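Heads up: the structure comes next, in structure tokens.
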Amino acid sequence: MPELDLSELLRPEVRELRSYVPVAGDYRVRLDANEAPPLLSAAARRALAEATTDVAWERYPDATMTALRAALAARMGVDPNELLVGVGSDEVITLLLTVLAHPKARAPTATVVSTTPTFVMYRMSALARGMRVVEVPLDDAWDISVESMQKAIELAQPNLIFIASPNNPTGTMMSIDRVERVIEAATGSLVVIDEAYVDYASRDQLALYRAHPNVAILRTLSKVGFAALRIGWLLARPELIAELDKARQPYNMNTLSQRLGTIALRDLGDEIGRITRTVVDERKRVASALAELPTVKVDPSEANFLWLAVGPPASEVFRDLASRGVLVRSFHARGGRLAHRLRVTIGTRDENDAFLSALGDVLGP
């Protein structure tokens with residue numbers, strides 16, 4: 001029997017993509033994935049464990065996620081009907097790209113506009129669905145270039161615009177006036193403001209959601225100590241949530257994630273606050289220590305990581321740190337102004353000290 005010829009079935013865009021595969025290996029310090037450090041108290045861990053003792057393993061999860069959406073709504077001060085919950089923000093992004101994909105007049109395909117560098121899944125998920133992607137470079141301070149974004153919107157007429165603020169990998173909180181000017185230029189597009197790291201920031205962008213009907217807000221629990229639960233959500237107008245829900249897979253959020261996420265949001269707010277405050281304090285301390293190194297430049301960050309420029313090529317520094325058991329994220333493969341850039345997650349104090357010591361050894365006196 002002849003083998004299936006995938007070339008006749010595969011989208012050419014998918015053939016050109018590469019799978020997202022985290023770096024494997026045994027590292028004593030992993031500061032590459034923007035996870036929160038292990039700071040949950042023993043009491044919080046017991047509360048989470050006890051909540052699983054009476055799970056009805058034979059039953060499907062609550063398809064409407066009523067308790068979880070209520071807890072999210074209470075945390076944000078919104079109505080549950082304004083919320084769509086997915087398996088991490090990744091699933092929510094794919095739902096947006098799936099539902100809002102009708103090509104506009106005289107356009108052969110739907111278009112997505114985002115900044116660059118930014119979260120890679122905007123681009124990957126859009127291309128996997130046959131959409132066109134237009135990426136607009138951030139300015140020299142890693143902020144939005146308004147004129148360039150306005151031009152891209154005018155020419156591309158996008159269905160969706162993704163703006164991460166704070167941005168990954170730069171840690172930048174986008175200037176609120178610049179974001180608003182982009183929103184006002186994009187009256188025919190949905191502007192999704194990704195606030196994955198907002199718990200570590202000095203402000204949020206909820207006022208923009210309240211003021212502009214074409215704005216939605218994306219958030220997650222993954223960055224504040226609960227990445228294992230894979231809970232992400234979208235805040236948007238109820239009419240959009242209703243349309244997105246039609247494409248959501250039934251029972252997409254498992255029972256354990258729903259129950260534990262509800263407890264985290266409802267009962268562990270103090271724990272989340274303590275974790276985020278600890279990380280912010282460590283972020284300041286590590287940034288100050290890095291600023292003392294003559295060949296390192298640290299950009300201001302409002303996330304749980306730091307964005308560094310190092311003197312030697314980032315590929316070499318990444319390799320030498322890894323050989324010392326410290327894993328960070330390098331962006332050298334993208335070339336250009338990213339060739340000397342590393343992103344370093346803030347870990348525990350001991351992990352951060354191990355990174356600082358290893359980097360000092362790598363860069364030398």
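Residues in the structure tokens are named by chain (A, B, ... in the order shown) and by number from 1 within that chain; ligands are numbered from 1 in the order shown.
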
**Item:** Neighbour list for Gln157 of chain A as number ranges by chain, cut-off 10 Å, only C-alpha atoms, skip fewer than 5 positions in-chain
**Value:** A: 103-105, 107, 110-113, 151-152, 186-189

Skipping near chain neighbours, those fewer than 3 positions away, what residues fall within 7 Å of segment 330-335 of chain A using only C-alpha atoms, listed as a tab-separated table (two decimals) with N, CA, C and O atoms, in the first residue's frame?
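Dumped everything to selection04.tsv:
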chain	number	residue	atom	x	y	z
A	314	ALA	N	25.54	36.38	22.20
A	314	ALA	CA	24.67	35.70	23.16
A	314	ALA	C	24.80	34.19	23.05
A	314	ALA	O	24.65	33.48	24.06
A	315	SER	N	25.07	33.67	21.86
A	315	SER	CA	25.21	32.22	21.70
A	315	SER	C	26.33	31.67	22.55
A	315	SER	O	26.22	30.60	23.15
A	318	PHE	N	25.30	32.00	26.35
A	318	PHE	CA	24.31	30.96	26.62
A	318	PHE	C	24.98	29.60	26.79
A	318	PHE	O	24.71	28.86	27.74
A	338	LEU	N	19.20	41.45	18.12
A	338	LEU	CA	18.98	40.41	19.13
A	338	LEU	C	20.17	39.47	19.28
A	338	LEU	O	20.16	38.58	20.12
A	339	ALA	N	21.21	39.69	18.49
A	339	ALA	CA	22.35	38.76	18.48
A	339	ALA	C	23.08	38.71	19.80
A	339	ALA	O	23.77	37.73	20.10
A	340	HIS	N	22.96	39.75	20.61
A	340	HIS	CA	23.65	39.81	21.90
A	340	HIS	C	22.66	39.80	23.07
A	340	HIS	O	23.02	40.21	24.17
A	341	ARG	N	21.44	39.32	22.83
A	341	ARG	CA	20.39	39.43	23.82
A	341	ARG	C	20.07	38.11	24.52
A	341	ARG	O	19.93	37.06	23.88
A	342	LEU	N	19.93	38.20	25.86
A	342	LEU	CA	19.48	37.09	26.69
A	342	LEU	C	18.26	37.52	27.48
A	342	LEU	O	18.14	38.68	27.85
A	343	ARG	N	17.38	36.57	27.75
A	343	ARG	CA	16.27	36.78	28.67
A	343	ARG	C	16.45	35.85	29.86
A	343	ARG	O	16.63	34.64	29.68

**Asked** Using only C-alpha atoms, which of the listed residues (A:Arg106, A:Arg277, A:Pro37, A:Met173) sits closest to Asn352 of chain A?
**Response**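 Residue with the minimum atom-to-atom distance to Asn352 of chain A: A:Pro37.
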
**Asked** Which one of A:Arg230, A:Arg337, A:Arg285, A:Lys223 sits closest to Ile272 of chain A if you count only C-alpha atoms?
**Response**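 Ranking A:Arg230, A:Arg337, A:Arg285, A:Lys223 by distance to Ile272 of chain A, first place goes to A:Lys223.
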
**Prompt:** How far is it from atom CA of Pro158 of chain A to atom CA of Leu235 of chain A, in Å with one decimal?
**Reply:**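 Straight-line distance from atom CA of Pro158 of chain A to atom CA of Leu235 of chain A works out to 20.2 Å.
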
**Asked** Distance atom CA of Ile163 of chain A-atom CA of Met65 of chain A, one decimal place?
**Response**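 It comes out at 27.1 Å.
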
Which residues of segment 198-310 of chain A come within 12 Å of segment 137-144 of chain A, and for each one, what is the closest pair of atoms and their distance in Å to one decimal, counting only C-alpha atoms, sorted by chain and residue number, as JSON lines?
{"residue": "A:Val298", "atom": "CA", "partner": "A:Ala141", "partner_atom": "CA", "distance": 11.7}
{"residue": "A:Asp299", "atom": "CA", "partner": "A:Ala141", "partner_atom": "CA", "distance": 8.5}
{"residue": "A:Pro300", "atom": "CA", "partner": "A:Ala141", "partner_atom": "CA", "distance": 9.5}
{"residue": "A:Ser301", "atom": "CA", "partner": "A:Trp142", "partner_atom": "CA", "distance": 10.6}
{"residue": "A:Trp307", "atom": "CA", "partner": "A:Trp142", "partner_atom": "CA", "distance": 10.5}

**Asked** So, counting only C-alpha atoms, which residue among A:Ala211, A:Leu265, A:Val21, A:Val78 is closest to Pro238 of chain A?
**Response**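 Among the listed residues, A:Val78 lies closest to Pro238 of chain A.
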
**Request:** Using only C-alpha atoms, pick whichever of A:Thr262, A:Leu208, A:Glu154, A:Tyr200 has the shortest atom-to-atom distance to Glu180 of chain A.
**Result:**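 Smallest separation from Glu180 of chain A among the options: A:Leu208.
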
Extract, using only C-alpha atoms, all DNA, RNA and protein residues at most 12 Å from Asp54 of chain A, discarding same-chain residues fewer than 6 positions from it, and format them as an mmCIF file with all heavy atoms, in the first residue's frame.
data_model
loop_
_atom_site.group_PDB
_atom_site.id
_atom_site.type_symbol
_atom_site.label_atom_id
_atom_site.label_comp_id
_atom_site.auth_asym_id
_atom_site.auth_seq_id
_atom_site.Cartn_x
_atom_site.Cartn_y
_atom_site.Cartn_z
ATOM 1 N N THR A 255 -11.013 18.913 35.211
ATOM 2 C CA THR A 255 -11.593 19.134 36.536
ATOM 3 C C THR A 255 -10.565 19.636 37.542
ATOM 4 O O THR A 255 -10.842 20.546 38.332
ATOM 5 C CB THR A 255 -12.243 17.843 37.046
ATOM 6 O OG1 THR A 255 -13.312 17.483 36.162
ATOM 7 C CG2 THR A 255 -12.778 18.014 38.463
ATOM 8 N N LEU A 256 -9.358 19.051 37.542
ATOM 9 C CA LEU A 256 -8.345 19.454 38.510
ATOM 10 C C LEU A 256 -7.946 20.911 38.315
ATOM 11 O O LEU A 256 -7.825 21.678 39.277
ATOM 12 C CB LEU A 256 -7.127 18.548 38.411
ATOM 13 C CG LEU A 256 -7.331 17.103 38.865
ATOM 14 C CD1 LEU A 256 -6.053 16.299 38.662
ATOM 15 C CD2 LEU A 256 -7.771 17.026 40.317
ATOM 16 N N ARG A 259 -10.808 23.187 39.531
ATOM 17 C CA ARG A 259 -10.966 23.247 40.982
ATOM 18 C C ARG A 259 -9.792 23.963 41.644
ATOM 19 O O ARG A 259 -9.975 24.827 42.501
ATOM 20 C CB ARG A 259 -11.116 21.829 41.544
ATOM 21 C CG ARG A 259 -11.363 21.823 43.048
ATOM 22 C CD ARG A 259 -11.681 20.454 43.571
ATOM 23 N NE ARG A 259 -12.947 19.944 43.058
ATOM 24 C CZ ARG A 259 -13.576 18.886 43.557
ATOM 25 N NH1 ARG A 259 -13.047 18.232 44.591
ATOM 26 N NH2 ARG A 259 -14.705 18.478 43.060
#

**Asked** Which parts of segment 83-325 of chain A does DSSP call strand (DSSP E or B) when run on the backbone here, written out as a PyMOL selection string?
**Response** chain A and resi 83-87+111-116+132-137+160-164+190-194+215-220+231-235+296-298+305-310

**Request:** Between atom CA of Ala24 of chain A and atom CA of Thr276 of chain A, measure the distance and give it in Å to one decimal.
**Result:**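 Atom-to-atom, atom CA of Ala24 of chain A to atom CA of Thr276 of chain A, that is 26.9 Å.
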
**Prompt:** Which polymer residues have any atom within 12 Å of an atom of Arg132 of chain A, counting only C-alpha atoms, with same-chain residues fewer than 3 positions away left out, as a ChimeraX atom specification?
**Reply:** /A:13,97,101,103,107-114,122-129,135,156-161

**Asked** Could you pull the residues within 10 Å of segment 279-282 of chain A, counting only C-alpha atoms, minus those fewer than 3 positions along the same chain, as a count of residues only?
**Response** 26

**Prompt:** DSSP on the backbone: what in segment 66-305 of chain A comes out helix (DSSP H, G or I), as a PyMOL selection string?
**Reply:** chain A and resi 66-76+80-82+88-99+120-128+146-156+176-185+198-200+206-211+222-224+227-229+238-247+255-267+269-291
